[in-house]
Amino acid sequence: MSALPQVEYIRLERSGPVLHLWLNRPEARNAMSRQMQSEILETFNAIRDDRDVRIVVIRGAGGTFCAGGDIKNMQKSGAPAATDATEELRRGNRRGGAMLQAINTAPQAVISVIEGFALGGGFGLACVSDISIIRADATMGLTEVTLGVVPAAISPFVVGRIGLTAARRLGVSGMRLNGAEAVQLGIAHVAVADEAALAAELKKNINQILKCAPGAVAETKRLMLRAANVLEIDNLQELAADSFVRAVRGPEGREGTLSFVEKRKPNWVTSVE
Amino acid sequence: MSALPQVEYIRLERSGPVLHLWLNRPEARNAMSRQMQSEILETFNAIRDDRDVRIVVIRGAGGTFCAGGDIKNMQKSGAPAATDATEELRRGNRRGGAMLQAINTAPQAVISVIEGFALGGGFGLACVSDISIIRADATMGLTEVTLGVVPAAISPFVVGRIGLTAARRLGVSGMRLNGAEAVQLGIAHVAVADEAALAAELKKNINQILKCAPGAVAETKRLMLRAANVLEIDNLQELAADSFVRAVRGPEGREGTLSFVEKRKPNWVTSVE
Amino acid sequence: MSALPQVEYIRLERSGPVLHLWLNRPEARNAMSRQMQSEILETFNAIRDDRDVRIVVIRGAGGTFCAGGDIKNMQKSGAPAATDATEELRRGNRRGGAMLQAINTAPQAVISVIEGFALGGGFGLACVSDISIIRADATMGLTEVTLGVVPAAISPFVVGRIGLTAARRLGVSGMRLNGAEAVQLGIAHVAVADEAALAAELKKNINQILKCAPGAVAETKRLMLRAANVLEIDNLQELAADSFVRAVRGPEGREGTLSFVEKRKPNWVTSVE
């Protein structure tokens, strides 16, 4: 059995062939911090060659999946005075991309369970599982552009998940979706009405996967990811990191994250009659 | 503010951050002429660097979107006597592809509003917007093959919009779809019942986009189009132009466009019991 | 008119512009044998340049489409003693891929009619038609992983048909779908309730295609397959064959196919409470 890493911002529970990975910053609606990303990445690296872990279930503690990135931190990094922030932002964005790719290409079957909010980086995290179960009353959205920043590391995963047609609509509008709409677009596979239905659906899927040979599952994923050119995603991550840094440190990102902190509308918001 | 081009076959209305672009040959159901294509292309080129134009709404005057290409002109160009037609057909097809790619990659959010008919080239034009709203009673179709010609410049945009599985079915059968079916296939995003619902849906989408930072919208589109390999489309356009010329000037294209002009069935139409 | 090959495991019926190709091993639920694959491949090669054959309808005799590969034969080939089996397995997998690609790229419009079971290789065969009509009560699934083997040659066609998001879910779980679910995922285009509805839908589609110019249909398919990078699939087939051989001759494939022959559960099946 593989040794799991020491973790603080996620919780790991091993139950036979199933590893339950809980995002565990409920006080921040599990917003993705750098440390949380590193811990998830380390976990997937630790089990990569362990065929006894046959399923990973990713879920958020406290009834919500993941509210996105750490806006307050972005606001600080966007300030012109933060001269050493550029490299840190770039590294952070690359780390996020590496984490998503590690989950996406895990040899295990990965199930994500979406409750509450899955916004920004949380939306991206919902896009890299093999099976995704969502509460009908959950809320998803690529809300970055409403804050003057961009869905950078996650864009290739979103396009790979739901195709360009749906991705560009969500990306340019920052609009929100409920669980049923997320299933219609293919972000998630099954929408469930309540906690009991969620538990039943999760168990059903786990037991269906446990009928399958673990090595064959790993090899099938590898062939399918290869056919979908998922490995090409690596080539896009440098470009994405550039975009992210420019956005966070540019005028829109500074205004957007500052208006978020100050609980007011950013200066570009307008409307037509 | 960017200077808009002088136009004759489209109509441009600027309303604050929104540019309304109307196809404006209602007497020909807005069939796409060469000049109309050039005017659209010039318009998108003129606003490319203008972040004050945040949204472009493309729509057809007179209650229909766009009935397709100019069949009568194709019929003339297909005649063996039209010896200088080959280069002109090729240039026309390339111009159509360039126009579609300019819309597809516009830094602005682009909304298309589909009413009445969107056939052939009009179908292609519906495929390059970020958000597409369609009347439930609209009619769409890739009708080229019923006239012995091919959806050439538009094929990559159709495949990019709805995927190969739906595209090949429409492409080989020339079948027609209504608005609800178009949404099911992902050509459009929302179907609306009537004029009032259309106006309300359009306003809702415009105001949602106006909550988003314009530079971030442009950058998000760029990242997503890159992830979807949309720039590869340029490489397909020479191939598409070859196909188009061969089809229009070949026996099927000549018979198909002539039968259209003569209001009779082409000679390949048959049926089984 | 092109000469059709001598065949034993399929049945060919020419009816004017339509060629009906029946998989014809009903006693084995039309499980795909090597000879059947060769006969299908030869048939499509024979008609490739024949524009008088405008439509091919692929269907299974005896009320089922195709129950998959030949598991008993795989079980024999997996045995360590079968030292010359590796090359044969590899050749068989490549033949399967070549057959699928020949159908996928046929210049004719190809219609598949799915009744009963379409599992494993039969699922793959359902993925390469231009139009697919399915009985609502049909059963589809990528059941390979439940037998310790992998959907190798077919994976690129499955991903091309329904995208990565749906493909990976089916691939890692071996779950089964009914006809309505298959249409929702885009494997098939239309679900029908019974035999009469199926006959009517098939006739409707045939007659719609017979309105289209055969050369334009062939060229439209070529452009769309090119836009979807379908020719790239050839590059994946060597990789797929490697996977297939390793799986069949590895411990999971040997146990899975043996448990199938012995009508018992494989040793990796477990469940959670």
# chains A, B, ... in the order shown; residues from 1 in each chain; ligands from 1
call {"tool": "select_by_dssp", "arguments": {"residues": "region 19-213 of chain A", "states": "alpha helix (DSSP H)", "output": "PyMOL selection string"}}
result
chain A and resi 34-47+71-78+85-104+121-126+155-173+179-185+195-209
call {"tool": "closest_atom_pairs", "arguments": {"of": "chain A", "to": "chain C", "cutoff": "8 Å", "atoms": "only C-alpha atoms", "output": "CSV"}}
result
residue,atom,partner,partner_atom,distance
A:Ala109,CA,C:Val172,CA,6.4
A:Asp130,CA,C:Arg169,CA,5.1
A:Ile131,CA,C:Arg169,CA,5.5
A:Gly160,CA,C:Leu164,CA,7.3
A:Arg161,CA,C:Thr165,CA,5.6
A:Ile162,CA,C:Thr165,CA,7.5
A:Gly186,CA,C:Thr165,CA,7.1
A:Ile187,CA,C:Thr165,CA,7.8
A:His189,CA,C:Ala166,CA,7.9
A:Lys203,CA,C:Val272,CA,7.3
A:Asn205,CA,C:Ser173,CA,7.7
A:Ile206,CA,C:Val272,CA,7.5
A:Asn207,CA,C:Ser271,CA,5.1
A:Gln208,CA,C:Ser173,CA,5.9
A:Ile209,CA,C:Ser173,CA,4.7
A:Leu210,CA,C:Thr270,CA,5.6
A:Lys211,CA,C:Val269,CA,4.5
A:Cys212,CA,C:Thr146,CA,4.3
A:Ala213,CA,C:Gly148,CA,5.0
A:Pro214,CA,C:Trp268,CA,7.9
A:Gly215,CA,C:Glu252,CA,7.3
A:Ala216,CA,C:Val145,CA,5.4
A:Val217,CA,C:Val172,CA,5.1
A:Ala218,CA,C:Val172,CA,7.9
A:Glu219,CA,C:Val150,CA,7.0
A:Thr220,CA,C:Val150,CA,5.7
A:Lys221,CA,C:Arg168,CA,6.4
A:Leu223,CA,C:Ser155,CA,6.7
A:Met224,CA,C:Ser155,CA,5.9
A:Leu225,CA,C:Leu164,CA,7.2
A:Ala227,CA,C:Pro156,CA,5.1
A:Ala228,CA,C:Leu164,CA,6.2
call {"tool": "write_last_selection", "arguments": {"atoms": "N, CA and C atoms", "output": "compact mmCIF listing (two decimals), in the first residue's frame"}}
result
# COMPACT_ATOMS: atom_id res chain seq x y z
N ALA A 109 -9.81 5.30 -11.49
CA ALA A 109 -11.07 5.96 -11.83
C ALA A 109 -11.27 7.08 -10.81
N ASP A 130 -13.48 11.18 -14.13
CA ASP A 130 -14.07 10.25 -15.08
C ASP A 130 -15.57 10.21 -14.95
N ILE A 131 -16.04 10.34 -13.72
CA ILE A 131 -17.49 10.34 -13.47
C ILE A 131 -17.76 11.49 -12.51
N GLY A 160 -11.82 20.81 -23.15
CA GLY A 160 -11.77 19.35 -23.31
C GLY A 160 -13.00 18.67 -22.72
N ARG A 161 -13.58 19.26 -21.72
CA ARG A 161 -14.72 18.65 -21.06
C ARG A 161 -16.03 18.87 -21.81
N ILE A 162 -16.30 20.11 -22.21
CA ILE A 162 -17.62 20.44 -22.77
C ILE A 162 -17.56 20.99 -24.18
N GLY A 186 -22.73 18.49 -20.14
CA GLY A 186 -21.73 17.44 -20.07
C GLY A 186 -20.61 17.71 -19.06
N ILE A 187 -20.72 18.75 -18.25
CA ILE A 187 -19.69 18.96 -17.22
C ILE A 187 -19.78 17.81 -16.21
N HIS A 189 -22.12 14.15 -15.07
CA HIS A 189 -22.84 13.09 -15.79
C HIS A 189 -24.22 12.83 -15.24
N LYS A 203 -22.47 5.28 -4.45
CA LYS A 203 -22.23 3.86 -4.15
C LYS A 203 -22.43 3.00 -5.40
N ASN A 205 -22.02 3.84 -8.51
CA ASN A 205 -20.90 4.02 -9.44
C ASN A 205 -19.63 3.35 -8.92
N ILE A 206 -19.38 3.47 -7.62
CA ILE A 206 -18.21 2.80 -7.05
C ILE A 206 -18.29 1.30 -7.30
N ASN A 207 -19.43 0.72 -7.02
CA ASN A 207 -19.54 -0.73 -7.17
C ASN A 207 -19.49 -1.17 -8.64
N GLN A 208 -19.98 -0.31 -9.53
CA GLN A 208 -19.85 -0.64 -10.96
C GLN A 208 -18.38 -0.66 -11.35
N ILE A 209 -17.61 0.32 -10.88
CA ILE A 209 -16.18 0.36 -11.23
C ILE A 209 -15.43 -0.80 -10.59
N LEU A 210 -15.87 -1.23 -9.41
CA LEU A 210 -15.18 -2.34 -8.74
C LEU A 210 -15.42 -3.68 -9.43
N LYS A 211 -16.29 -3.70 -10.43
CA LYS A 211 -16.41 -4.90 -11.26
C LYS A 211 -15.34 -4.95 -12.34
N CYS A 212 -14.62 -3.86 -12.50
CA CYS A 212 -13.70 -3.74 -13.63
C CYS A 212 -12.26 -3.99 -13.18
N ALA A 213 -11.46 -4.58 -14.05
CA ALA A 213 -10.06 -4.88 -13.74
C ALA A 213 -9.26 -3.58 -13.65
N PRO A 214 -8.55 -3.35 -12.54
CA PRO A 214 -7.88 -2.05 -12.34
C PRO A 214 -6.82 -1.72 -13.39
N GLY A 215 -6.06 -2.71 -13.83
CA GLY A 215 -5.06 -2.43 -14.85
C GLY A 215 -5.71 -2.07 -16.18
N ALA A 216 -6.81 -2.75 -16.50
CA ALA A 216 -7.52 -2.47 -17.75
C ALA A 216 -8.15 -1.08 -17.71
N VAL A 217 -8.65 -0.68 -16.54
CA VAL A 217 -9.19 0.67 -16.38
C VAL A 217 -8.10 1.71 -16.67
N ALA A 218 -6.93 1.51 -16.07
CA ALA A 218 -5.83 2.46 -16.26
C ALA A 218 -5.43 2.55 -17.74
N GLU A 219 -5.37 1.39 -18.39
CA GLU A 219 -4.93 1.37 -19.79
C GLU A 219 -6.00 1.99 -20.71
N THR A 220 -7.27 1.74 -20.40
CA THR A 220 -8.35 2.32 -21.20
C THR A 220 -8.33 3.85 -21.10
N LYS A 221 -8.14 4.37 -19.89
CA LYS A 221 -8.03 5.82 -19.73
C LYS A 221 -6.87 6.37 -20.55
N LEU A 223 -5.48 5.20 -23.25
CA LEU A 223 -5.79 5.21 -24.68
C LEU A 223 -6.77 6.33 -25.04
N MET A 224 -7.76 6.52 -24.21
CA MET A 224 -8.77 7.54 -24.51
C MET A 224 -8.21 8.95 -24.37
N LEU A 225 -7.42 9.19 -23.34
CA LEU A 225 -6.80 10.51 -23.18
C LEU A 225 -5.86 10.79 -24.35
N ALA A 227 -6.22 9.58 -27.38
CA ALA A 227 -7.07 9.85 -28.56
C ALA A 227 -7.63 11.26 -28.52
N ALA A 228 -7.84 11.78 -27.32
CA ALA A 228 -8.41 13.13 -27.18
C ALA A 228 -7.31 14.18 -27.10
call {"tool": "residues_around", "arguments": {"residues": "region 27-33 of chain B", "least_positions_apart": "2", "cutoff": "6 Å", "atoms": "only C-alpha atoms", "output": "ChimeraX atom specification"}}
result
/B:23,25,35-36,66-69
call {"tool": "atom_distance", "arguments": {"atom1": "CA of Arg51 (chain B)", "atom2": "CA of Ile111 (chain B)"}}
result
16.2 Å
call {"tool": "atom_distance", "arguments": {"atom1": "CA of Arg135 (chain B)", "atom2": "CA of Asn24 (chain B)"}}
result
18.9 Å
call {"tool": "residues_around", "arguments": {"residues": "Val190 (chain A)", "least_positions_apart": "4", "cutoff": "7 Å", "atoms": "only C-alpha atoms", "output": "ChimeraX atom specification"}}
result
/A:132-134,183
call {"tool": "select_by_dssp", "arguments": {"residues": "region 21-93 of chain A", "states": "strand (DSSP E)", "output": "list in words"}}
result
Leu21, Trp22, Leu23, Ile55, Val56, Val57, Ile58, Arg59 and Gly60 of chain A
call {"tool": "closest_residue", "arguments": {"among": "C:Asp52, C:Glu88, C:Asp234, C:Glu39", "to": "Leu19 (chain C)", "atoms": "only C-alpha atoms"}}
result
C:Asp52
call {"tool": "atom_distance", "arguments": {"atom1": "CA of Ala46 (chain B)", "atom2": "CA of Gly16 (chain B)"}}
result
16.4 Å
call {"tool": "residues_around", "arguments": {"residues": "Glu115 (chain B)", "least_positions_apart": "5", "cutoff": "10 Å", "atoms": "only C-alpha atoms", "output": "short mmCIF file (atom, residue, chain, number, x, y, z; two decimals) with N, CA, C and O atoms, in the first residue's frame"}}
result
data_model
loop_
_atom_site.label_atom_id
_atom_site.label_comp_id
_atom_site.auth_asym_id
_atom_site.auth_seq_id
_atom_site.Cartn_x
_atom_site.Cartn_y
_atom_site.Cartn_z
N ARG B 59 -27.42 39.74 -36.85
CA ARG B 59 -28.83 39.43 -37.02
C ARG B 59 -29.23 39.75 -38.46
O ARG B 59 -28.58 40.54 -39.12
N GLY B 60 -30.29 39.14 -38.95
CA GLY B 60 -30.74 39.41 -40.31
C GLY B 60 -31.93 40.35 -40.34
O GLY B 60 -32.86 40.19 -39.54
N ALA B 61 -31.92 41.30 -41.26
CA ALA B 61 -33.07 42.19 -41.42
C ALA B 61 -34.24 41.44 -42.06
O ALA B 61 -34.04 40.48 -42.81
N GLY B 62 -35.46 41.84 -41.74
CA GLY B 62 -36.64 41.27 -42.40
C GLY B 62 -37.08 39.94 -41.84
O GLY B 62 -37.82 39.20 -42.50
N GLY B 63 -36.59 39.57 -40.65
CA GLY B 63 -37.12 38.37 -39.99
C GLY B 63 -36.48 37.07 -40.41
O GLY B 63 -36.92 36.00 -39.99
N THR B 64 -35.42 37.13 -41.23
CA THR B 64 -34.71 35.89 -41.53
C THR B 64 -33.22 36.15 -41.37
O THR B 64 -32.75 37.29 -41.54
N PHE B 65 -32.47 35.08 -40.99
CA PHE B 65 -31.05 35.26 -40.73
C PHE B 65 -30.30 35.33 -42.06
O PHE B 65 -29.88 36.39 -42.49
N CYS B 66 -30.17 34.20 -42.74
CA CYS B 66 -29.39 34.18 -43.97
C CYS B 66 -29.69 32.88 -44.72
O CYS B 66 -29.45 31.78 -44.20
N ILE B 133 -28.79 32.75 -29.98
CA ILE B 133 -30.19 32.67 -29.56
C ILE B 133 -31.01 32.39 -30.81
O ILE B 133 -30.82 33.04 -31.83
N ILE B 134 -31.90 31.41 -30.76
CA ILE B 134 -32.63 31.01 -31.97
C ILE B 134 -34.13 30.98 -31.70
O ILE B 134 -34.56 30.63 -30.60
N ARG B 135 -34.91 31.37 -32.69
CA ARG B 135 -36.35 31.20 -32.61
C ARG B 135 -36.66 29.71 -32.77
O ARG B 135 -36.12 29.04 -33.66
N ALA B 136 -37.57 29.20 -31.95
CA ALA B 136 -37.92 27.77 -32.02
C ALA B 136 -38.45 27.40 -33.39
O ALA B 136 -38.30 26.25 -33.84
N ASP B 137 -39.06 28.37 -34.11
CA ASP B 137 -39.61 28.06 -35.43
C ASP B 137 -38.64 28.35 -36.57
O ASP B 137 -39.04 28.33 -37.74
N ALA B 138 -37.38 28.60 -36.25
CA ALA B 138 -36.39 28.82 -37.32
C ALA B 138 -36.06 27.50 -38.02
O ALA B 138 -36.34 26.43 -37.50
N THR B 139 -35.47 27.62 -39.20
CA THR B 139 -35.09 26.43 -39.98
C THR B 139 -33.62 26.52 -40.34
O THR B 139 -33.19 27.50 -40.94
N MET B 140 -32.87 25.47 -39.96
CA MET B 140 -31.44 25.43 -40.30
C MET B 140 -31.14 24.17 -41.12
O MET B 140 -31.82 23.16 -40.99
N GLY B 179 -35.49 25.15 -34.46
CA GLY B 179 -34.69 25.82 -33.45
C GLY B 179 -34.40 24.95 -32.24
O GLY B 179 -33.29 24.95 -31.70
N ASP B 194 -40.98 33.40 -29.20
CA ASP B 194 -41.49 34.49 -30.03
C ASP B 194 -40.59 35.72 -29.93
O ASP B 194 -39.57 35.72 -29.25
N GLU B 195 -41.01 36.77 -30.63
CA GLU B 195 -40.24 38.01 -30.72
C GLU B 195 -39.97 38.63 -29.34
O GLU B 195 -38.87 39.09 -29.07
N LEU B 198 -37.44 36.64 -27.47
CA LEU B 198 -36.13 36.86 -28.09
C LEU B 198 -35.51 38.16 -27.59
O LEU B 198 -34.33 38.18 -27.19
#
call {"tool": "residues_around", "arguments": {"residues": "Arg222 (chain C)", "least_positions_apart": "6", "cutoff": "9 Å", "atoms": "only C-alpha atoms", "output": "PDB file with all heavy atoms, in the first residue's frame"}}
result
ATOM      1  N   THR C 105     -14.532   6.290 -43.213  1.00  0.00           N
ATOM      2  CA  THR C 105     -14.126   7.181 -44.305  1.00  0.00           C
ATOM      3  C   THR C 105     -14.753   6.779 -45.638  1.00  0.00           C
ATOM      4  O   THR C 105     -14.325   7.275 -46.688  1.00  0.00           O
ATOM      5  CB  THR C 105     -12.589   7.176 -44.451  1.00  0.00           C
ATOM      6  OG1 THR C 105     -12.162   5.845 -44.748  1.00  0.00           O
ATOM      7  CG2 THR C 105     -11.902   7.649 -43.174  1.00  0.00           C
ATOM      8  N   ALA C 106     -15.750   5.904 -45.607  1.00  0.00           N
ATOM      9  CA  ALA C 106     -16.398   5.499 -46.864  1.00  0.00           C
ATOM     10  C   ALA C 106     -17.004   6.717 -47.553  1.00  0.00           C
ATOM     11  O   ALA C 106     -17.600   7.567 -46.891  1.00  0.00           O
ATOM     12  CB  ALA C 106     -17.490   4.469 -46.580  1.00  0.00           C
ATOM     13  N   PRO C 107     -16.852   6.810 -48.880  1.00  0.00           N
ATOM     14  CA  PRO C 107     -17.445   7.956 -49.589  1.00  0.00           C
ATOM     15  C   PRO C 107     -18.970   7.899 -49.619  1.00  0.00           C
ATOM     16  O   PRO C 107     -19.622   8.915 -49.847  1.00  0.00           O
ATOM     17  CB  PRO C 107     -16.878   7.836 -51.006  1.00  0.00           C
ATOM     18  CG  PRO C 107     -15.869   6.740 -50.968  1.00  0.00           C
ATOM     19  CD  PRO C 107     -16.099   5.915 -49.753  1.00  0.00           C
TER      20      PRO C 107
END
call {"tool": "residues_around", "arguments": {"residues": "Arg14 (chain B)", "least_positions_apart": "2", "cutoff": "12 Å", "atoms": "only C-alpha atoms", "output": "compact mmCIF listing (two decimals) with all heavy atoms, in the first residue's frame"}}
result
# COMPACT_ATOMS: atom_id res chain seq x y z
N MET B 1 -12.90 56.01 -30.38
CA MET B 1 -13.87 55.09 -31.00
C MET B 1 -13.43 54.77 -32.43
O MET B 1 -13.00 55.65 -33.18
CB MET B 1 -15.26 55.75 -31.01
CG MET B 1 -16.36 54.75 -31.29
SD MET B 1 -17.96 55.56 -31.33
CE MET B 1 -18.22 56.05 -29.65
N SER B 2 -13.49 53.51 -32.79
CA SER B 2 -13.02 53.10 -34.11
C SER B 2 -13.98 53.59 -35.20
O SER B 2 -15.20 53.64 -34.99
CB SER B 2 -12.93 51.56 -34.16
OG SER B 2 -14.13 50.99 -33.70
N ALA B 3 -13.43 53.89 -36.37
CA ALA B 3 -14.26 54.30 -37.50
C ALA B 3 -14.83 53.06 -38.16
O ALA B 3 -14.09 52.13 -38.48
CB ALA B 3 -13.42 55.11 -38.49
N LEU B 4 -16.13 53.03 -38.36
CA LEU B 4 -16.74 51.88 -39.00
C LEU B 4 -16.71 52.06 -40.52
O LEU B 4 -16.74 53.20 -41.01
CB LEU B 4 -18.18 51.71 -38.51
CG LEU B 4 -18.29 51.39 -37.02
CD1 LEU B 4 -19.75 51.38 -36.57
CD2 LEU B 4 -17.65 50.04 -36.72
N ARG B 11 -26.13 46.61 -42.20
CA ARG B 11 -26.45 47.86 -41.52
C ARG B 11 -25.79 47.82 -40.16
O ARG B 11 -25.85 46.78 -39.48
CB ARG B 11 -27.96 47.97 -41.36
CG ARG B 11 -28.44 49.37 -41.04
CD ARG B 11 -29.96 49.49 -41.15
NE ARG B 11 -30.63 48.96 -39.97
CZ ARG B 11 -31.62 48.05 -39.98
NH1 ARG B 11 -32.04 47.53 -41.12
NH2 ARG B 11 -32.16 47.64 -38.86
N LEU B 12 -25.13 48.89 -39.76
CA LEU B 12 -24.40 48.94 -38.49
C LEU B 12 -25.05 49.96 -37.57
O LEU B 12 -25.25 51.12 -37.97
CB LEU B 12 -22.93 49.30 -38.73
CG LEU B 12 -22.14 48.29 -39.57
CD1 LEU B 12 -20.76 48.85 -39.92
CD2 LEU B 12 -22.01 46.96 -38.84
N GLY B 16 -23.82 52.46 -27.52
CA GLY B 16 -22.89 52.35 -26.41
C GLY B 16 -21.90 51.24 -26.67
O GLY B 16 -21.24 51.21 -27.72
N PRO B 17 -21.76 50.27 -25.76
CA PRO B 17 -20.75 49.22 -25.92
C PRO B 17 -21.18 48.11 -26.89
O PRO B 17 -20.43 47.17 -27.12
CB PRO B 17 -20.62 48.65 -24.50
CG PRO B 17 -21.93 48.94 -23.85
CD PRO B 17 -22.47 50.19 -24.46
N VAL B 18 -22.37 48.23 -27.46
CA VAL B 18 -22.91 47.18 -28.32
C VAL B 18 -22.98 47.64 -29.77
O VAL B 18 -23.52 48.71 -30.06
CB VAL B 18 -24.32 46.74 -27.87
CG1 VAL B 18 -24.81 45.57 -28.72
CG2 VAL B 18 -24.33 46.38 -26.39
N LEU B 19 -22.43 46.82 -30.68
CA LEU B 19 -22.57 47.09 -32.10
C LEU B 19 -23.54 46.07 -32.70
O LEU B 19 -23.31 44.87 -32.63
CB LEU B 19 -21.20 46.96 -32.80
CG LEU B 19 -21.22 47.15 -34.32
CD1 LEU B 19 -21.62 48.56 -34.71
CD2 LEU B 19 -19.86 46.80 -34.92
N HIS B 20 -24.64 46.58 -33.24
CA HIS B 20 -25.61 45.70 -33.91
C HIS B 20 -25.27 45.65 -35.39
O HIS B 20 -25.22 46.68 -36.06
CB HIS B 20 -27.03 46.23 -33.71
CG HIS B 20 -27.47 46.19 -32.27
ND1 HIS B 20 -28.09 45.09 -31.72
CD2 HIS B 20 -27.35 47.09 -31.27
CE1 HIS B 20 -28.35 45.33 -30.44
NE2 HIS B 20 -27.90 46.53 -30.14
N LEU B 21 -25.03 44.42 -35.89
CA LEU B 21 -24.69 44.24 -37.30
C LEU B 21 -25.85 43.47 -37.95
O LEU B 21 -26.08 42.30 -37.63
CB LEU B 21 -23.37 43.46 -37.41
CG LEU B 21 -22.74 43.27 -38.79
CD1 LEU B 21 -21.28 42.83 -38.65
CD2 LEU B 21 -23.48 42.30 -39.69
N TRP B 22 -26.59 44.14 -38.82
CA TRP B 22 -27.71 43.50 -39.51
C TRP B 22 -27.30 43.10 -40.93
O TRP B 22 -26.85 43.95 -41.69
CB TRP B 22 -28.89 44.47 -39.61
CG TRP B 22 -29.46 44.94 -38.31
CD1 TRP B 22 -28.98 45.93 -37.50
CD2 TRP B 22 -30.64 44.43 -37.66
NE1 TRP B 22 -29.77 46.07 -36.39
CE2 TRP B 22 -30.81 45.17 -36.46
CE3 TRP B 22 -31.57 43.42 -37.96
CZ2 TRP B 22 -31.86 44.93 -35.58
CZ3 TRP B 22 -32.61 43.19 -37.10
CH2 TRP B 22 -32.76 43.93 -35.91
N THR B 43 -15.77 45.20 -41.15
CA THR B 43 -16.30 45.69 -39.88
C THR B 43 -15.56 45.06 -38.71
O THR B 43 -15.12 45.75 -37.78
CB THR B 43 -17.81 45.39 -39.78
OG1 THR B 43 -18.47 45.97 -40.91
CG2 THR B 43 -18.40 45.92 -38.49
N ILE B 47 -12.95 46.99 -35.78
CA ILE B 47 -13.16 47.08 -34.33
C ILE B 47 -12.21 46.19 -33.53
O ILE B 47 -12.27 46.14 -32.31
CB ILE B 47 -14.61 46.71 -33.94
CG1 ILE B 47 -14.93 45.27 -34.35
CG2 ILE B 47 -15.60 47.70 -34.55
CD1 ILE B 47 -16.29 44.78 -33.85
N ASP B 52 -13.80 49.39 -26.53
CA ASP B 52 -15.07 50.06 -26.20
C ASP B 52 -16.26 49.36 -26.85
O ASP B 52 -17.37 49.43 -26.34
CB ASP B 52 -15.04 51.53 -26.62
CG ASP B 52 -14.08 52.33 -25.75
OD1 ASP B 52 -13.87 51.93 -24.58
OD2 ASP B 52 -13.54 53.33 -26.24
N VAL B 53 -16.03 48.73 -27.99
CA VAL B 53 -17.06 47.85 -28.55
C VAL B 53 -16.91 46.51 -27.83
O VAL B 53 -15.95 45.77 -28.06
CB VAL B 53 -16.89 47.63 -30.07
CG1 VAL B 53 -17.99 46.71 -30.59
CG2 VAL B 53 -16.91 48.96 -30.81
N ARG B 54 -17.82 46.21 -26.93
CA ARG B 54 -17.66 45.01 -26.09
C ARG B 54 -18.50 43.84 -26.58
O ARG B 54 -18.23 42.69 -26.25
CB ARG B 54 -18.01 45.36 -24.63
CG ARG B 54 -16.98 46.31 -24.03
CD ARG B 54 -17.45 46.98 -22.77
NE ARG B 54 -17.71 46.05 -21.69
CZ ARG B 54 -18.13 46.42 -20.47
NH1 ARG B 54 -18.33 47.73 -20.21
NH2 ARG B 54 -18.35 45.54 -19.53
N ILE B 55 -19.53 44.14 -27.38
CA ILE B 55 -20.42 43.09 -27.86
C ILE B 55 -20.81 43.40 -29.30
O ILE B 55 -21.08 44.55 -29.64
CB ILE B 55 -21.71 43.03 -27.01
CG1 ILE B 55 -21.38 42.69 -25.56
CG2 ILE B 55 -22.72 42.03 -27.59
CD1 ILE B 55 -22.57 42.76 -24.62
N VAL B 56 -20.82 42.36 -30.16
CA VAL B 56 -21.39 42.51 -31.51
C VAL B 56 -22.58 41.56 -31.61
O VAL B 56 -22.46 40.37 -31.28
CB VAL B 56 -20.37 42.16 -32.62
CG1 VAL B 56 -21.00 42.41 -33.99
CG2 VAL B 56 -19.09 42.98 -32.45
N VAL B 57 -23.73 42.09 -32.02
CA VAL B 57 -24.92 41.27 -32.23
C VAL B 57 -25.15 41.13 -33.73
O VAL B 57 -25.33 42.13 -34.42
CB VAL B 57 -26.17 41.90 -31.57
CG1 VAL B 57 -27.41 41.04 -31.86
CG2 VAL B 57 -25.97 42.06 -30.06
